[in-house]
Amino acid sequence: MSNLNFIDKSTRPLIAILRGVTENDVLDVSKVLIEEGISIIEVPLNSPNALRSIEYLVETFGDRYLVGAGTVTNVEEVDAVISTGAKLIVTPNFNAAVVERASRAGCVCLPGVVTPTEAFAALAAGAHGLKLFPVTQMGFENFKALMSVLPKGTACFPVGGISAEEATMAPYLTAGAAGFGIGSSLYTAGLSTQELRKRAQEIVSTFDRLCKAY
């Protein structure tokens, strides 16, 4: 089983990627997701007024849930996220300085990696887990091979192309994935509350069913 000491044992290891969310919508969107069982919330920094949205999340949910930023690419952005009080930093790539700065600040850091070299370097720099991105480029066989050489318990989160369809989750779970980051199949800007809730329910249902099976 993957080492998920950075989240509460009752927390489902699904990361909601709210790309494009606005500061006016972020709390309502996050409330729906939390109600449906997805309580790790990431606001990519290339979303409108992302830091303000993250501040709202920290103020409202930060004492109970893991919330923070995605698409963090340099140490200046790390510092800006830290200033909000957020405790989650997710990156699209591996940058040692970013991982080290986030880790020293007490933030959970999940850097994006594709190759074994990147993966081991990220762990050495202090990453709490790994974001396998884009996992569609990596492919299942390469993911399985990587899992076979990583330190036991490394928490890996495939990202890219994950949806409520069992076929997008099942192979990775059987190979040892800890959870998933889920973007456009869960949230897109302007999505209705009803559709968001439906998507969240379907994704959670599939994930829970597969976890019981494997």
# chains A, B, ... in the order shown; residues from 1 in each chain; ligands from 1
$ residues_around --residues "A:Gly20" --least-positions-apart "6" --cutoff "7 Å" --atoms "only C-alpha atoms" --output "PyMOL selection string"
chain A and resi 47-48+188-189
$ write_last_selection --atoms "N, CA and C atoms" --output "JSON list (two decimals), in the first residue's frame"
[["chain", "number", "residue", "atom", "x", "y", "z"],
["A", 47, "SER", "N", -5.21, 29.72, -13.50],
["A", 47, "SER", "CA", -6.64, 30.04, -13.41],
["A", 47, "SER", "C", -6.78, 31.52, -13.06],
["A", 48, "PRO", "N", -7.94, 32.13, -13.34],
["A", 48, "PRO", "CA", -8.12, 33.56, -13.04],
["A", 48, "PRO", "C", -7.99, 33.85, -11.54],
["A", 188, "THR", "N", -14.96, 21.67, -15.32],
["A", 188, "THR", "CA", -14.60, 22.68, -16.31],
["A", 188, "THR", "C", -15.31, 23.97, -15.93],
["A", 189, "ALA", "N", -14.71, 25.09, -16.24],
["A", 189, "ALA", "CA", -15.29, 26.38, -15.87],
["A", 189, "ALA", "C", -16.71, 26.51, -16.42]]
$ select_by_dssp --residues "stretch 9-213 of chain A" --states "strand (DSSP E)" --output "PyMOL selection string"
chain A and resi 14-17+40-44+67-70+88-90+108-110+112-113+130-132+156-158+180-182
$ write_last_selection --atoms "N, CA and C atoms" --output "PDB file, in the first residue's frame"
ATOM      1  N   LEU A  14      -8.055  11.361  -4.024  1.00  0.00           N
ATOM      2  CA  LEU A  14      -8.430  11.918  -5.318  1.00  0.00           C
ATOM      3  C   LEU A  14      -8.225  13.420  -5.251  1.00  0.00           C
ATOM      4  N   ILE A  15      -7.482  13.954  -6.208  1.00  0.00           N
ATOM      5  CA  ILE A  15      -7.183  15.381  -6.234  1.00  0.00           C
ATOM      6  C   ILE A  15      -8.028  16.051  -7.311  1.00  0.00           C
ATOM      7  N   ALA A  16      -8.879  16.976  -6.893  1.00  0.00           N
ATOM      8  CA  ALA A  16      -9.700  17.730  -7.847  1.00  0.00           C
ATOM      9  C   ALA A  16      -8.881  18.880  -8.410  1.00  0.00           C
ATOM     10  N   ILE A  17      -8.704  18.890  -9.721  1.00  0.00           N
ATOM     11  CA  ILE A  17      -7.930  19.937 -10.393  1.00  0.00           C
ATOM     12  C   ILE A  17      -8.921  20.945 -10.984  1.00  0.00           C
ATOM     13  N   ILE A  40      -9.419  16.830  -1.600  1.00  0.00           N
ATOM     14  CA  ILE A  40      -8.108  17.410  -1.881  1.00  0.00           C
ATOM     15  C   ILE A  40      -8.300  18.317  -3.091  1.00  0.00           C
ATOM     16  N   ILE A  41      -8.124  19.610  -2.885  1.00  0.00           N
ATOM     17  CA  ILE A  41      -8.500  20.596  -3.900  1.00  0.00           C
ATOM     18  C   ILE A  41      -7.272  21.356  -4.385  1.00  0.00           C
ATOM     19  N   GLU A  42      -7.096  21.363  -5.701  1.00  0.00           N
ATOM     20  CA  GLU A  42      -5.975  22.061  -6.333  1.00  0.00           C
ATOM     21  C   GLU A  42      -6.507  23.113  -7.299  1.00  0.00           C
ATOM     22  N   VAL A  43      -6.047  24.347  -7.128  1.00  0.00           N
ATOM     23  CA  VAL A  43      -6.354  25.416  -8.077  1.00  0.00           C
ATOM     24  C   VAL A  43      -5.083  25.715  -8.879  1.00  0.00           C
ATOM     25  N   PRO A  44      -5.050  25.374 -10.158  1.00  0.00           N
ATOM     26  CA  PRO A  44      -3.868  25.684 -10.971  1.00  0.00           C
ATOM     27  C   PRO A  44      -3.621  27.194 -11.025  1.00  0.00           C
ATOM     28  N   VAL A  67      -5.700  21.713   0.726  1.00  0.00           N
ATOM     29  CA  VAL A  67      -6.005  22.588  -0.405  1.00  0.00           C
ATOM     30  C   VAL A  67      -4.750  23.360  -0.798  1.00  0.00           C
ATOM     31  N   GLY A  68      -4.675  23.719  -2.078  1.00  0.00           N
ATOM     32  CA  GLY A  68      -3.516  24.472  -2.512  1.00  0.00           C
ATOM     33  C   GLY A  68      -3.481  24.713  -3.998  1.00  0.00           C
ATOM     34  N   ALA A  69      -2.267  24.734  -4.543  1.00  0.00           N
ATOM     35  CA  ALA A  69      -2.058  25.192  -5.910  1.00  0.00           C
ATOM     36  C   ALA A  69      -1.480  24.113  -6.803  1.00  0.00           C
ATOM     37  N   GLY A  70      -1.826  24.210  -8.080  1.00  0.00           N
ATOM     38  CA  GLY A  70      -1.227  23.384  -9.107  1.00  0.00           C
ATOM     39  C   GLY A  70      -0.542  24.272 -10.132  1.00  0.00           C
ATOM     40  N   LEU A  88      -0.632  22.541  -0.020  1.00  0.00           N
ATOM     41  CA  LEU A  88      -0.486  21.627  -1.146  1.00  0.00           C
ATOM     42  C   LEU A  88       0.116  22.371  -2.328  1.00  0.00           C
ATOM     43  N   ILE A  89       1.197  21.812  -2.887  1.00  0.00           N
ATOM     44  CA  ILE A  89       1.814  22.371  -4.082  1.00  0.00           C
ATOM     45  C   ILE A  89       2.032  21.234  -5.071  1.00  0.00           C
ATOM     46  N   VAL A  90       1.414  21.374  -6.244  1.00  0.00           N
ATOM     47  CA  VAL A  90       1.508  20.367  -7.302  1.00  0.00           C
ATOM     48  C   VAL A  90       2.145  21.031  -8.513  1.00  0.00           C
ATOM     49  N   VAL A 108       2.799  19.840   1.381  1.00  0.00           N
ATOM     50  CA  VAL A 108       2.805  18.595   0.631  1.00  0.00           C
ATOM     51  C   VAL A 108       3.143  18.945  -0.810  1.00  0.00           C
ATOM     52  N   CYS A 109       4.165  18.310  -1.360  1.00  0.00           N
ATOM     53  CA  CYS A 109       4.587  18.624  -2.721  1.00  0.00           C
ATOM     54  C   CYS A 109       4.527  17.376  -3.586  1.00  0.00           C
ATOM     55  N   LEU A 110       3.795  17.482  -4.688  1.00  0.00           N
ATOM     56  CA  LEU A 110       3.633  16.392  -5.641  1.00  0.00           C
ATOM     57  C   LEU A 110       4.108  16.878  -7.009  1.00  0.00           C
ATOM     58  N   GLY A 112       5.393  16.798 -10.942  1.00  0.00           N
ATOM     59  CA  GLY A 112       5.102  16.022 -12.136  1.00  0.00           C
ATOM     60  C   GLY A 112       6.356  15.371 -12.687  1.00  0.00           C
ATOM     61  N   VAL A 113       6.287  14.071 -12.931  1.00  0.00           N
ATOM     62  CA  VAL A 113       7.426  13.330 -13.478  1.00  0.00           C
ATOM     63  C   VAL A 113       6.925  12.354 -14.534  1.00  0.00           C
ATOM     64  N   LEU A 130       4.410  11.463  -6.080  1.00  0.00           N
ATOM     65  CA  LEU A 130       4.712  11.804  -7.463  1.00  0.00           C
ATOM     66  C   LEU A 130       3.433  11.923  -8.286  1.00  0.00           C
ATOM     67  N   LYS A 131       3.413  12.933  -9.124  1.00  0.00           N
ATOM     68  CA  LYS A 131       2.337  13.112 -10.095  1.00  0.00           C
ATOM     69  C   LYS A 131       2.852  12.574 -11.428  1.00  0.00           C
ATOM     70  N   LEU A 132       2.274  11.486 -11.909  1.00  0.00           N
ATOM     71  CA  LEU A 132       2.696  10.903 -13.185  1.00  0.00           C
ATOM     72  C   LEU A 132       1.926  11.613 -14.286  1.00  0.00           C
ATOM     73  N   CYS A 156       2.008   7.411  -5.794  1.00  0.00           N
ATOM     74  CA  CYS A 156       1.983   7.878  -7.179  1.00  0.00           C
ATOM     75  C   CYS A 156       0.556   8.186  -7.614  1.00  0.00           C
ATOM     76  N   PHE A 157       0.407   9.324  -8.267  1.00  0.00           N
ATOM     77  CA  PHE A 157      -0.906   9.798  -8.713  1.00  0.00           C
ATOM     78  C   PHE A 157      -0.902  10.006 -10.223  1.00  0.00           C
ATOM     79  N   PRO A 158      -1.409   9.058 -10.993  1.00  0.00           N
ATOM     80  CA  PRO A 158      -1.553   9.291 -12.431  1.00  0.00           C
ATOM     81  C   PRO A 158      -2.495  10.469 -12.696  1.00  0.00           C
ATOM     82  N   PHE A 180      -5.515   9.445  -7.775  1.00  0.00           N
ATOM     83  CA  PHE A 180      -5.493  10.103  -9.079  1.00  0.00           C
ATOM     84  C   PHE A 180      -5.700  11.603  -8.938  1.00  0.00           C
ATOM     85  N   GLY A 181      -5.166  12.351  -9.904  1.00  0.00           N
ATOM     86  CA  GLY A 181      -5.542  13.736 -10.086  1.00  0.00           C
ATOM     87  C   GLY A 181      -6.525  13.776 -11.237  1.00  0.00           C
ATOM     88  N   ILE A 182      -7.628  14.491 -11.035  1.00  0.00           N
ATOM     89  CA  ILE A 182      -8.697  14.472 -12.036  1.00  0.00           C
ATOM     90  C   ILE A 182      -9.055  15.901 -12.426  1.00  0.00           C
TER      91      ILE A 182
END
$ select_by_dssp --residues "stretch 59-145 of chain A" --states "alpha helix (DSSP H)" --output "PyMOL selection string"
chain A and resi 59-61+75-84+96-104+116-125+135-138+140-145
$ write_last_selection --atoms "N, CA and C atoms" --output "short mmCIF file (atom, residue, chain, number, x, y, z; two decimals), in the first residue's frame"
data_model
loop_
_atom_site.label_atom_id
_atom_site.label_comp_id
_atom_site.auth_asym_id
_atom_site.auth_seq_id
_atom_site.Cartn_x
_atom_site.Cartn_y
_atom_site.Cartn_z
N GLU A 59 -9.00 29.85 3.96
CA GLU A 59 -9.82 30.46 5.01
C GLU A 59 -11.03 29.60 5.37
N THR A 60 -11.60 28.94 4.38
CA THR A 60 -12.86 28.21 4.58
C THR A 60 -12.65 26.74 4.92
N PHE A 61 -11.70 26.11 4.25
CA PHE A 61 -11.53 24.66 4.39
C PHE A 61 -10.15 24.22 4.86
N VAL A 75 10.21 29.02 -7.83
CA VAL A 75 10.22 29.25 -6.38
C VAL A 75 9.45 30.51 -6.01
N GLU A 76 9.39 31.47 -6.90
CA GLU A 76 8.59 32.67 -6.61
C GLU A 76 7.12 32.31 -6.45
N GLU A 77 6.65 31.42 -7.30
CA GLU A 77 5.26 30.96 -7.18
C GLU A 77 5.06 30.14 -5.91
N VAL A 78 6.06 29.34 -5.56
CA VAL A 78 5.98 28.59 -4.30
C VAL A 78 5.78 29.56 -3.14
N ASP A 79 6.59 30.60 -3.09
CA ASP A 79 6.50 31.58 -2.00
C ASP A 79 5.13 32.25 -1.97
N ALA A 80 4.60 32.55 -3.15
CA ALA A 80 3.29 33.19 -3.21
C ALA A 80 2.20 32.26 -2.68
N VAL A 81 2.31 30.98 -2.99
CA VAL A 81 1.32 30.01 -2.49
C VAL A 81 1.48 29.84 -0.98
N ILE A 82 2.71 29.76 -0.51
CA ILE A 82 2.95 29.62 0.93
C ILE A 82 2.33 30.79 1.68
N SER A 83 2.40 31.98 1.10
CA SER A 83 1.86 33.17 1.77
C SER A 83 0.36 33.11 1.99
N THR A 84 -0.32 32.27 1.22
CA THR A 84 -1.78 32.12 1.41
C THR A 84 -2.11 31.19 2.57
N ALA A 96 13.90 20.84 -8.88
CA ALA A 96 14.41 20.53 -7.54
C ALA A 96 14.23 21.70 -6.58
N ALA A 97 14.47 22.92 -7.05
CA ALA A 97 14.35 24.08 -6.18
C ALA A 97 12.91 24.27 -5.70
N VAL A 98 11.95 24.00 -6.57
CA VAL A 98 10.54 24.11 -6.20
C VAL A 98 10.19 23.08 -5.13
N VAL A 99 10.60 21.85 -5.35
CA VAL A 99 10.28 20.78 -4.39
C VAL A 99 10.94 21.06 -3.04
N GLU A 100 12.18 21.47 -3.06
CA GLU A 100 12.90 21.73 -1.81
C GLU A 100 12.27 22.88 -1.04
N ARG A 101 11.91 23.96 -1.74
CA ARG A 101 11.31 25.11 -1.07
C ARG A 101 9.95 24.74 -0.47
N ALA A 102 9.14 24.03 -1.22
CA ALA A 102 7.82 23.63 -0.73
C ALA A 102 7.93 22.69 0.46
N SER A 103 8.84 21.72 0.36
CA SER A 103 9.01 20.76 1.44
C SER A 103 9.50 21.43 2.72
N ARG A 104 10.45 22.34 2.60
CA ARG A 104 10.97 23.04 3.78
C ARG A 104 9.89 23.87 4.45
N PRO A 116 12.08 7.59 -14.79
CA PRO A 116 12.68 7.15 -13.53
C PRO A 116 13.67 8.17 -12.97
N THR A 117 14.46 8.79 -13.84
CA THR A 117 15.43 9.79 -13.37
C THR A 117 14.73 10.93 -12.65
N GLU A 118 13.65 11.45 -13.26
CA GLU A 118 12.89 12.52 -12.62
C GLU A 118 12.27 12.05 -11.32
N ALA A 119 11.72 10.85 -11.32
CA ALA A 119 11.03 10.33 -10.14
C ALA A 119 11.97 10.21 -8.94
N PHE A 120 13.13 9.60 -9.15
CA PHE A 120 14.07 9.43 -8.04
C PHE A 120 14.65 10.77 -7.59
N ALA A 121 14.89 11.67 -8.52
CA ALA A 121 15.40 12.99 -8.15
C ALA A 121 14.37 13.76 -7.35
N ALA A 122 13.11 13.64 -7.71
CA ALA A 122 12.04 14.33 -6.99
C ALA A 122 11.93 13.82 -5.55
N LEU A 123 12.01 12.52 -5.38
CA LEU A 123 11.94 11.95 -4.03
C LEU A 123 13.14 12.39 -3.20
N ALA A 124 14.31 12.42 -3.82
CA ALA A 124 15.52 12.86 -3.12
C ALA A 124 15.42 14.32 -2.70
N ALA A 125 14.68 15.13 -3.47
CA ALA A 125 14.52 16.55 -3.17
C ALA A 125 13.48 16.81 -2.08
N VAL A 135 0.08 10.91 -17.84
CA VAL A 135 0.19 9.45 -17.78
C VAL A 135 -0.19 8.81 -19.11
N THR A 136 -0.96 9.53 -19.93
CA THR A 136 -1.29 9.00 -21.26
C THR A 136 -0.05 8.91 -22.13
N GLN A 137 0.88 9.83 -21.97
CA GLN A 137 2.13 9.78 -22.70
C GLN A 137 3.02 8.66 -22.15
N MET A 138 3.02 8.52 -20.85
CA MET A 138 3.84 7.51 -20.21
C MET A 138 3.38 6.11 -20.58
N PHE A 140 0.63 2.68 -19.68
CA PHE A 140 0.51 1.78 -18.53
C PHE A 140 1.74 0.92 -18.33
N GLU A 141 2.29 0.37 -19.40
CA GLU A 141 3.44 -0.52 -19.24
C GLU A 141 4.63 0.22 -18.63
N ASN A 142 4.84 1.45 -19.05
CA ASN A 142 5.93 2.24 -18.47
C ASN A 142 5.64 2.60 -17.02
N PHE A 143 4.38 2.88 -16.72
CA PHE A 143 4.00 3.15 -15.33
C PHE A 143 4.27 1.93 -14.46
N LYS A 144 3.87 0.79 -14.93
CA LYS A 144 4.08 -0.44 -14.16
C LYS A 144 5.56 -0.70 -13.94
N ALA A 145 6.36 -0.46 -14.97
CA ALA A 145 7.80 -0.66 -14.84
C ALA A 145 8.39 0.32 -13.82
#
$ closest_atom_pairs --of "stretch 109-206 of chain A" --to "stretch 35-39 of chain A" --cutoff "7 Å" --atoms "only C-alpha atoms" --output "Markdown table"
| residue | atom | partner | partner_atom | distance |
| --- | --- | --- | --- | --- |
| A:Ala200 | CA | A:Glu36 | CA | 6.2 |
| A:Gln201 | CA | A:Glu36 | CA | 6.0 |
| A:Val204 | CA | A:Gly37 | CA | 6.9 |
$ write_last_selection --atoms "C-alpha atoms" --output "PDB file, in the first residue's frame"
ATOM      1  CA  ALA A 200     -18.105  13.676  -8.664  1.00  0.00           C
ATOM      2  CA  GLN A 201     -20.492  10.931  -7.613  1.00  0.00           C
ATOM      3  CA  VAL A 204     -16.034   8.437  -6.385  1.00  0.00           C
TER       4      VAL A 204
END
$ closest_residue --among "A:Gly190, A:Gly160, A:Gly179, A:Gly129" --to "A:Leu210" --atoms "only C-alpha atoms"
A:Gly179
$ atom_distance --atom1 "atom CA of A:Asp28" --atom2 "atom CA of A:Lys87"
20.3 Å
$ atom_distance --atom1 "atom CA of A:Pro13" --atom2 "atom CA of A:Thr115"
22.5 Å
$ closest_residue --among "A:Tyr56, A:Phe207, A:Tyr214, A:Tyr65" --to "A:Thr168" --atoms "only C-alpha atoms"
A:Phe207
$ atom_distance --atom1 "atom CA of A:Ala105" --atom2 "atom CA of A:Leu4"
18.7 Å
